[in-house]
Every structure is written in structure tokens, then in C-alpha cells.
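Input: a single structure, listed below in C-alpha cells.
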Amino acid sequence: MLKSWGECFLWEVVWDYVEHDAGTLKEVLRPKCYLDPDSTDKISTAEIQTADEFIISGFTEKDGILAVSFEMPAVIIAESADGLVCYRVTAYCEGVLEIPDVNSGEWNSVNMNFKDMRRDEILSFRHLVKSVSLSYEDVEADDLNA
């Protein structure tokens, strides 16, 4: 399945996850002594500016669940709703995607070329991924409004 689908689908799922994970990103940034904690608490959105590669670092299959380990270096813009707080965050995103029922007929019937799809089309299949666990490593941030 990974070979036929490639990494495009998984990359978009992780990208989307990070962009909806402002709360965790805020928690990771809070202990940075060079950032104002009150400003950090105002972060409400995260948008990936660049993520040049998506690396599948391993995978295992057990009881019909495929666990795919990944790594993705990214530059993320974390911002408050009013735009007064804006951080440029560099991070190494690492984690695992779990895909259930890989031996079922449903997966065999999904014959998609995700490389030829628009992002919204790819994400319409996001429900096929059961869970994403992700951590942010080697995190640095610059205050773009300083």
C-alpha cells in the first residue's frame, strides 16, 4: 500500500495535522526563555510555511494496523488571532500514523494517484488514517514582530 500510494497522501495528512495543532505548538514554545509567555499564550493558528521533505522512517504491521513512522522538518508560522503575535518556528516533526484494516478490501479498492490530486481532494481521504501522534523536536522560534 505504501508503495502504491507513495508518501504524498501521508505528507498531506501530517501537514494538515500540524496546521490544526496550534495548542500543542503553544505548549512546546511556552518554556522557551527568550519568548514572552503571555505572547505565546495568544497563539491560535499554525500554518506551515515550508516543509521540503517527508521521510517515512519505518513501518510495522500488527493485527491489521499499519503504523508508519515519519519525520518532517518544517518552518511553521504561529500567530495570534489579532496578528500581534507572530513567530517563525523551525521544528523537526516526528511521529506515527496508524492506518487500520490494511488487509481489508476497502484499501484494495482505493486506487488513487494522490500526486495528481488537489490538496482538498487528498484530505477527503484523511478518515482512512486512524490516528496521528506527533512531537516537535529541535524547536527554535523567532518573533517576527520584535
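By order of appearance in the C-alpha cells: chains A, B, ..., then residues from 1 within every chain, and ligands from 1 in the order shown.
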
What's the 10 Å shell around Leu123 (chain A), counting only C-alpha atoms, without same-chain residues fewer than 3 positions away, as number ranges by chain? A: 9-10, 12-13, 16, 114, 117-120, 126-128

Output for the residues just chosen: N, CA and C atoms as a CSV table (one decimal), in the first residue's frame:
```
chain,number,residue,atom,x,y,z
A,9,PHE,N,0.1,11.2,0.1
A,9,PHE,CA,-1.1,11.2,0.9
A,9,PHE,C,-0.7,11.4,2.4
A,10,LEU,N,0.3,10.6,2.9
A,10,LEU,CA,0.7,10.7,4.3
A,10,LEU,C,1.2,12.1,4.6
A,12,GLU,N,0.4,15.0,3.2
A,12,GLU,CA,-0.7,15.9,3.4
A,12,GLU,C,-1.5,15.8,4.7
A,13,VAL,N,-1.6,14.5,5.1
A,13,VAL,CA,-2.3,14.3,6.4
A,13,VAL,C,-1.5,14.9,7.5
A,16,ASP,N,-1.7,18.7,7.4
A,16,ASP,CA,-3.0,19.2,7.9
A,16,ASP,C,-3.0,19.1,9.4
A,114,PHE,N,-2.5,10.1,-5.8
A,114,PHE,CA,-2.6,11.3,-5.0
A,114,PHE,C,-1.7,12.4,-5.5
A,117,MET,N,-3.8,14.9,-7.5
A,117,MET,CA,-4.9,15.5,-6.8
A,117,MET,C,-4.6,16.8,-6.2
A,118,ARG,N,-5.6,17.6,-6.1
A,118,ARG,CA,-5.5,18.9,-5.3
A,118,ARG,C,-5.5,18.5,-3.8
A,119,ARG,N,-5.1,19.4,-3.0
A,119,ARG,CA,-4.9,19.1,-1.5
A,119,ARG,C,-6.3,18.8,-0.9
A,120,ASP,N,-7.3,19.5,-1.3
A,120,ASP,CA,-8.7,19.2,-0.7
A,120,ASP,C,-9.2,17.8,-1.1
A,126,ARG,N,-8.7,11.6,4.4
A,126,ARG,CA,-8.0,11.6,5.7
A,126,ARG,C,-8.6,10.7,6.7
A,127,HIS,N,-9.9,10.4,6.6
A,127,HIS,CA,-10.5,9.5,7.5
A,127,HIS,C,-9.9,8.1,7.5
A,128,LEU,N,-9.2,7.7,6.5
A,128,LEU,CA,-8.6,6.4,6.4
A,128,LEU,C,-7.4,6.3,7.4
```

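Non-sequential neighbours of Trp11 (chain A) (distance at most 10 Å, separation of 2 or more positions within a chain, only C-alpha atoms) are A:Gly6, A:Glu7, A:Cys8, A:Phe9, A:Val13, A:Val14, A:Trp15, A:Asp16, A:Tyr17, A:Ala51, A:Glu53, A:Phe54, A:Ile55, A:Ile56, A:Phe70, A:Glu71, A:Met72.
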
Next, write the just-selected residues to a file, as a PDB file, in the first residue's frame, keeping N, CA and C atoms as the atom set.
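The result, stored in result.pdb:
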```pdb
ATOM      1  N   GLY A   6       2.448   5.958  -2.266  1.00  0.00           N
ATOM      2  CA  GLY A   6       3.536   6.899  -2.096  1.00  0.00           C
ATOM      3  C   GLY A   6       3.380   7.691  -0.808  1.00  0.00           C
ATOM      4  N   GLU A   7       4.229   8.663  -0.659  1.00  0.00           N
ATOM      5  CA  GLU A   7       4.206   9.443   0.567  1.00  0.00           C
ATOM      6  C   GLU A   7       3.326  10.679   0.464  1.00  0.00           C
ATOM      7  N   CYS A   8       2.837  10.995  -0.710  1.00  0.00           N
ATOM      8  CA  CYS A   8       2.049  12.211  -0.914  1.00  0.00           C
ATOM      9  C   CYS A   8       0.839  12.281   0.013  1.00  0.00           C
ATOM     10  N   PHE A   9       0.083  11.212   0.089  1.00  0.00           N
ATOM     11  CA  PHE A   9      -1.104  11.174   0.946  1.00  0.00           C
ATOM     12  C   PHE A   9      -0.729  11.391   2.406  1.00  0.00           C
ATOM     13  N   VAL A  13      -1.609  14.523   5.105  1.00  0.00           N
ATOM     14  CA  VAL A  13      -2.308  14.266   6.369  1.00  0.00           C
ATOM     15  C   VAL A  13      -1.521  14.872   7.533  1.00  0.00           C
ATOM     16  N   VAL A  14      -0.217  14.687   7.544  1.00  0.00           N
ATOM     17  CA  VAL A  14       0.616  15.244   8.615  1.00  0.00           C
ATOM     18  C   VAL A  14       0.629  16.772   8.526  1.00  0.00           C
ATOM     19  N   TRP A  15       0.753  17.306   7.331  1.00  0.00           N
ATOM     20  CA  TRP A  15       0.745  18.763   7.125  1.00  0.00           C
ATOM     21  C   TRP A  15      -0.538  19.341   7.724  1.00  0.00           C
ATOM     22  N   ASP A  16      -1.676  18.741   7.400  1.00  0.00           N
ATOM     23  CA  ASP A  16      -2.972  19.194   7.904  1.00  0.00           C
ATOM     24  C   ASP A  16      -3.028  19.085   9.432  1.00  0.00           C
ATOM     25  N   TYR A  17      -2.493  18.001   9.965  1.00  0.00           N
ATOM     26  CA  TYR A  17      -2.480  17.802  11.423  1.00  0.00           C
ATOM     27  C   TYR A  17      -1.719  18.935  12.109  1.00  0.00           C
ATOM     28  N   ALA A  51       7.870  22.851   4.152  1.00  0.00           N
ATOM     29  CA  ALA A  51       8.227  21.505   4.620  1.00  0.00           C
ATOM     30  C   ALA A  51       8.738  20.800   3.376  1.00  0.00           C
ATOM     31  N   GLU A  53      10.563  18.160   2.842  1.00  0.00           N
ATOM     32  CA  GLU A  53      10.626  16.715   2.675  1.00  0.00           C
ATOM     33  C   GLU A  53       9.779  16.009   3.724  1.00  0.00           C
ATOM     34  N   PHE A  54       9.354  14.831   3.357  1.00  0.00           N
ATOM     35  CA  PHE A  54       8.602  13.958   4.252  1.00  0.00           C
ATOM     36  C   PHE A  54       9.284  12.606   4.170  1.00  0.00           C
ATOM     37  N   ILE A  55       9.755  12.135   5.305  1.00  0.00           N
ATOM     38  CA  ILE A  55      10.553  10.913   5.329  1.00  0.00           C
ATOM     39  C   ILE A  55       9.784   9.823   6.054  1.00  0.00           C
ATOM     40  N   ILE A  56       9.549   8.723   5.384  1.00  0.00           N
ATOM     41  CA  ILE A  56       8.991   7.543   6.047  1.00  0.00           C
ATOM     42  C   ILE A  56      10.179   6.798   6.630  1.00  0.00           C
ATOM     43  N   PHE A  70       7.343   8.610  10.767  1.00  0.00           N
ATOM     44  CA  PHE A  70       7.715   9.648   9.805  1.00  0.00           C
ATOM     45  C   PHE A  70       8.523  10.747  10.477  1.00  0.00           C
ATOM     46  N   GLU A  71       9.185  11.515   9.645  1.00  0.00           N
ATOM     47  CA  GLU A  71       9.921  12.702  10.055  1.00  0.00           C
ATOM     48  C   GLU A  71       9.644  13.780   9.015  1.00  0.00           C
ATOM     49  N   MET A  72       9.470  15.017   9.481  1.00  0.00           N
ATOM     50  CA  MET A  72       9.214  16.112   8.553  1.00  0.00           C
ATOM     51  C   MET A  72       9.767  17.408   9.132  1.00  0.00           C
TER      52      MET A  72
END
```

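Picture a line from CA of Ser44 (chain A) to CA of Val28 (chain A); it runs 13.7 Å.
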
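Within 9 Å of Leu84 (chain A), once only C-alpha atoms are used and residues closer than 6 positions along the same chain are dropped, the contacting residues are Ser39, Lys42 and Asn145 of chain A.
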
Dump N, CA and C atoms for the selected residues as a JSON list (two decimals), in the first residue's frame?
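Generated output (result-v8.json):
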```
[["chain", "number", "residue", "atom", "x", "y", "z"],
["A", 39, "SER", "N", 2.68, 36.38, 25.38],
["A", 39, "SER", "CA", 2.51, 36.42, 23.92],
["A", 39, "SER", "C", 2.31, 35.01, 23.38],
["A", 42, "LYS", "N", -1.12, 33.55, 23.42],
["A", 42, "LYS", "CA", -2.10, 34.11, 22.48],
["A", 42, "LYS", "C", -2.12, 33.40, 21.12],
["A", 145, "ASN", "N", 7.51, 39.98, 15.00],
["A", 145, "ASN", "CA", 7.02, 41.33, 15.31],
["A", 145, "ASN", "C", 7.95, 42.10, 16.24]]
```

9 Å contact set for Glu47 (chain A), only C-alpha atoms, chain neighbours under 5 positions out, as a count of residues only = 10

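Our summary of the geometry notes that CA of Ile48 (chain A) is positioned 23.7 Å from CA of Ile99 (chain A).
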
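For the set A:Asp36, A:Glu27, A:Glu137, A:Asp21, the residue with the smallest atom-to-atom gap to Thr90 (chain A) is A:Glu137, counting only C-alpha atoms.
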
What residues in chain A get the DSSP label helix (DSSP H, G or I)? Please answer as a PyMOL selection string.
chain A and resi 2-5+8-19+22-29+37-40+105-109+114-116+119-123+126-128

Dump N, CA and C atoms for the selected residues as a CSV table (one decimal), in the first residue's frame?
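Full text of result_36.csv as output:
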```csv
chain,number,residue,atom,x,y,z
A,2,LEU,N,1.9,1.3,0.9
A,2,LEU,CA,2.7,2.5,0.9
A,2,LEU,C,3.4,2.7,-0.5
A,3,LYS,N,3.8,1.7,-1.1
A,3,LYS,CA,4.5,1.8,-2.4
A,3,LYS,C,3.5,2.3,-3.4
A,4,SER,N,2.3,1.8,-3.5
A,4,SER,CA,1.3,2.3,-4.5
A,4,SER,C,0.8,3.7,-4.2
A,5,TRP,N,0.7,4.0,-2.9
A,5,TRP,CA,0.1,5.4,-2.6
A,5,TRP,C,1.2,6.4,-2.5
A,8,CYS,N,2.8,11.0,-0.7
A,8,CYS,CA,2.0,12.2,-0.9
A,8,CYS,C,0.8,12.3,0.0
A,9,PHE,N,0.1,11.2,0.1
A,9,PHE,CA,-1.1,11.2,0.9
A,9,PHE,C,-0.7,11.4,2.4
A,10,LEU,N,0.3,10.6,2.9
A,10,LEU,CA,0.7,10.7,4.3
A,10,LEU,C,1.2,12.1,4.6
A,11,TRP,N,2.0,12.7,3.7
A,11,TRP,CA,2.6,14.0,3.9
A,11,TRP,C,1.5,15.1,4.1
A,12,GLU,N,0.4,15.0,3.2
A,12,GLU,CA,-0.7,15.9,3.4
A,12,GLU,C,-1.5,15.8,4.7
A,13,VAL,N,-1.6,14.5,5.1
A,13,VAL,CA,-2.3,14.3,6.4
A,13,VAL,C,-1.5,14.9,7.5
A,14,VAL,N,-0.2,14.7,7.5
A,14,VAL,CA,0.6,15.2,8.6
A,14,VAL,C,0.6,16.8,8.5
A,15,TRP,N,0.8,17.3,7.3
A,15,TRP,CA,0.7,18.8,7.1
A,15,TRP,C,-0.5,19.3,7.7
A,16,ASP,N,-1.7,18.7,7.4
A,16,ASP,CA,-3.0,19.2,7.9
A,16,ASP,C,-3.0,19.1,9.4
A,17,TYR,N,-2.5,18.0,10.0
A,17,TYR,CA,-2.5,17.8,11.4
A,17,TYR,C,-1.7,18.9,12.1
A,18,VAL,N,-0.5,19.3,11.6
A,18,VAL,CA,0.3,20.3,12.2
A,18,VAL,C,-0.5,21.7,12.1
A,19,GLU,N,-1.1,21.9,11.0
A,19,GLU,CA,-1.8,23.2,10.9
A,19,GLU,C,-3.1,23.3,11.8
A,22,ALA,N,-2.2,24.0,16.9
A,22,ALA,CA,-1.6,25.2,17.5
A,22,ALA,C,-1.5,25.1,19.0
A,23,GLY,N,-2.4,24.3,19.6
A,23,GLY,CA,-2.4,24.2,21.1
A,23,GLY,C,-1.1,23.5,21.5
A,24,THR,N,-0.7,22.4,20.9
A,24,THR,CA,0.5,21.7,21.2
A,24,THR,C,1.7,22.5,20.9
A,25,LEU,N,1.7,23.2,19.8
A,25,LEU,CA,2.8,24.0,19.4
A,25,LEU,C,3.0,25.1,20.5
A,26,LYS,N,1.9,25.7,21.0
A,26,LYS,CA,2.0,26.7,22.0
A,26,LYS,C,2.6,26.1,23.3
A,27,GLU,N,2.3,24.9,23.6
A,27,GLU,CA,2.9,24.2,24.8
A,27,GLU,C,4.4,24.0,24.6
A,28,VAL,N,4.8,23.7,23.4
A,28,VAL,CA,6.2,23.5,23.1
A,28,VAL,C,7.0,24.8,23.2
A,29,LEU,N,6.4,25.9,22.8
A,29,LEU,CA,7.0,27.2,22.8
A,29,LEU,C,7.1,27.8,24.1
A,37,PRO,N,6.0,34.6,27.6
A,37,PRO,CA,5.0,33.6,27.8
A,37,PRO,C,3.6,34.1,27.6
A,38,ASP,N,3.3,35.4,27.9
A,38,ASP,CA,2.0,36.0,27.7
A,38,ASP,C,1.7,36.0,26.2
A,39,SER,N,2.7,36.4,25.4
A,39,SER,CA,2.5,36.4,23.9
A,39,SER,C,2.3,35.0,23.4
A,40,THR,N,3.1,34.1,23.9
A,40,THR,CA,3.0,32.7,23.4
A,40,THR,C,1.6,32.1,23.7
A,105,GLY,N,-10.7,-5.2,2.1
A,105,GLY,CA,-11.0,-5.0,0.7
A,105,GLY,C,-11.1,-3.5,0.4
A,106,GLU,N,-11.4,-2.7,1.4
A,106,GLU,CA,-11.6,-1.2,1.2
A,106,GLU,C,-10.3,-0.6,0.7
A,107,TRP,N,-9.2,-1.0,1.3
A,107,TRP,CA,-7.9,-0.4,0.9
A,107,TRP,C,-7.6,-0.9,-0.5
A,108,ASN,N,-7.9,-2.1,-0.9
A,108,ASN,CA,-7.5,-2.6,-2.2
A,108,ASN,C,-8.4,-1.8,-3.3
A,109,SER,N,-9.6,-1.4,-2.9
A,109,SER,CA,-10.4,-0.7,-3.8
A,109,SER,C,-10.0,0.8,-4.0
A,114,PHE,N,-2.5,10.1,-5.8
A,114,PHE,CA,-2.6,11.3,-5.0
A,114,PHE,C,-1.7,12.4,-5.5
A,115,LYS,N,-0.7,12.1,-6.3
A,115,LYS,CA,0.2,13.1,-6.8
A,115,LYS,C,-0.5,14.0,-7.8
A,116,ASP,N,-1.6,13.5,-8.4
A,116,ASP,CA,-2.4,14.3,-9.4
A,116,ASP,C,-3.6,15.0,-8.8
A,119,ARG,N,-5.1,19.4,-3.0
A,119,ARG,CA,-4.9,19.1,-1.5
A,119,ARG,C,-6.3,18.8,-0.9
A,120,ASP,N,-7.3,19.5,-1.3
A,120,ASP,CA,-8.7,19.2,-0.7
A,120,ASP,C,-9.2,17.8,-1.1
A,121,GLU,N,-8.8,17.4,-2.3
A,121,GLU,CA,-9.2,16.0,-2.7
A,121,GLU,C,-8.4,15.0,-1.9
A,122,ILE,N,-7.1,15.2,-1.7
A,122,ILE,CA,-6.3,14.3,-0.9
A,122,ILE,C,-6.9,14.2,0.5
A,123,LEU,N,-7.2,15.3,1.1
A,123,LEU,CA,-7.6,15.3,2.5
A,123,LEU,C,-9.0,14.8,2.7
A,126,ARG,N,-8.7,11.6,4.4
A,126,ARG,CA,-8.0,11.6,5.7
A,126,ARG,C,-8.6,10.7,6.7
A,127,HIS,N,-9.9,10.4,6.6
A,127,HIS,CA,-10.5,9.5,7.5
A,127,HIS,C,-9.9,8.1,7.5
A,128,LEU,N,-9.2,7.7,6.5
A,128,LEU,CA,-8.6,6.4,6.4
A,128,LEU,C,-7.4,6.3,7.4
```

Quiz item: Could you name the residues that touch region 91-98 of chain A at 7 Å or less, counting only C-alpha atoms, but leaving out those on the same chain fewer than 3 positions away, as a list in words?
Solution: Ile65, Leu66, Ala67, Val68, Ser69, Phe70, Glu71, Met72, Pro73, Ala74, Val75, Val129, Lys130, Ser131, Val132, Ser133, Leu134, Ser135, Tyr136, Glu137, Asp138, Val139 and Glu140 of chain A

Those same residues, written as a PDB file, in the first residue's frame with C-alpha atoms?
```pdb
ATOM      1  CA  ILE A  65      -2.941  -1.938  11.738  1.00  0.00           C
ATOM      2  CA  LEU A  66      -0.148  -0.337   9.770  1.00  0.00           C
ATOM      3  CA  ALA A  67       1.994   2.013  11.879  1.00  0.00           C
ATOM      4  CA  VAL A  68       4.051   4.378   9.752  1.00  0.00           C
ATOM      5  CA  SER A  69       6.870   6.330  11.427  1.00  0.00           C
ATOM      6  CA  PHE A  70       7.715   9.648   9.805  1.00  0.00           C
ATOM      7  CA  GLU A  71       9.921  12.702  10.055  1.00  0.00           C
ATOM      8  CA  MET A  72       9.214  16.112   8.553  1.00  0.00           C
ATOM      9  CA  PRO A  73      11.356  19.218   9.030  1.00  0.00           C
ATOM     10  CA  ALA A  74       9.153  22.303   8.825  1.00  0.00           C
ATOM     11  CA  VAL A  75       9.007  26.048   9.129  1.00  0.00           C
ATOM     12  CA  VAL A 129      -5.854   7.330   8.912  1.00  0.00           C
ATOM     13  CA  LYS A 130      -6.976   6.288  12.396  1.00  0.00           C
ATOM     14  CA  SER A 131      -4.599   8.459  14.381  1.00  0.00           C
ATOM     15  CA  VAL A 132      -1.577  10.680  14.222  1.00  0.00           C
ATOM     16  CA  SER A 133       0.831  11.083  17.112  1.00  0.00           C
ATOM     17  CA  LEU A 134       3.388  13.801  16.650  1.00  0.00           C
ATOM     18  CA  SER A 135       6.125  15.532  18.601  1.00  0.00           C
ATOM     19  CA  TYR A 136       8.074  18.675  17.794  1.00  0.00           C
ATOM     20  CA  GLU A 137      11.831  18.285  18.200  1.00  0.00           C
ATOM     21  CA  ASP A 138      14.725  20.775  17.908  1.00  0.00           C
ATOM     22  CA  VAL A 139      12.296  23.688  18.113  1.00  0.00           C
ATOM     23  CA  GLU A 140      13.503  27.264  17.671  1.00  0.00           C
TER      24      GLU A 140
END
```

Just list the residues in chain A DSSP gives strand (DSSP E) on the backbone, as a ChimeraX atom specification. /A:43-50,55-62,65-80,86-99,131-143
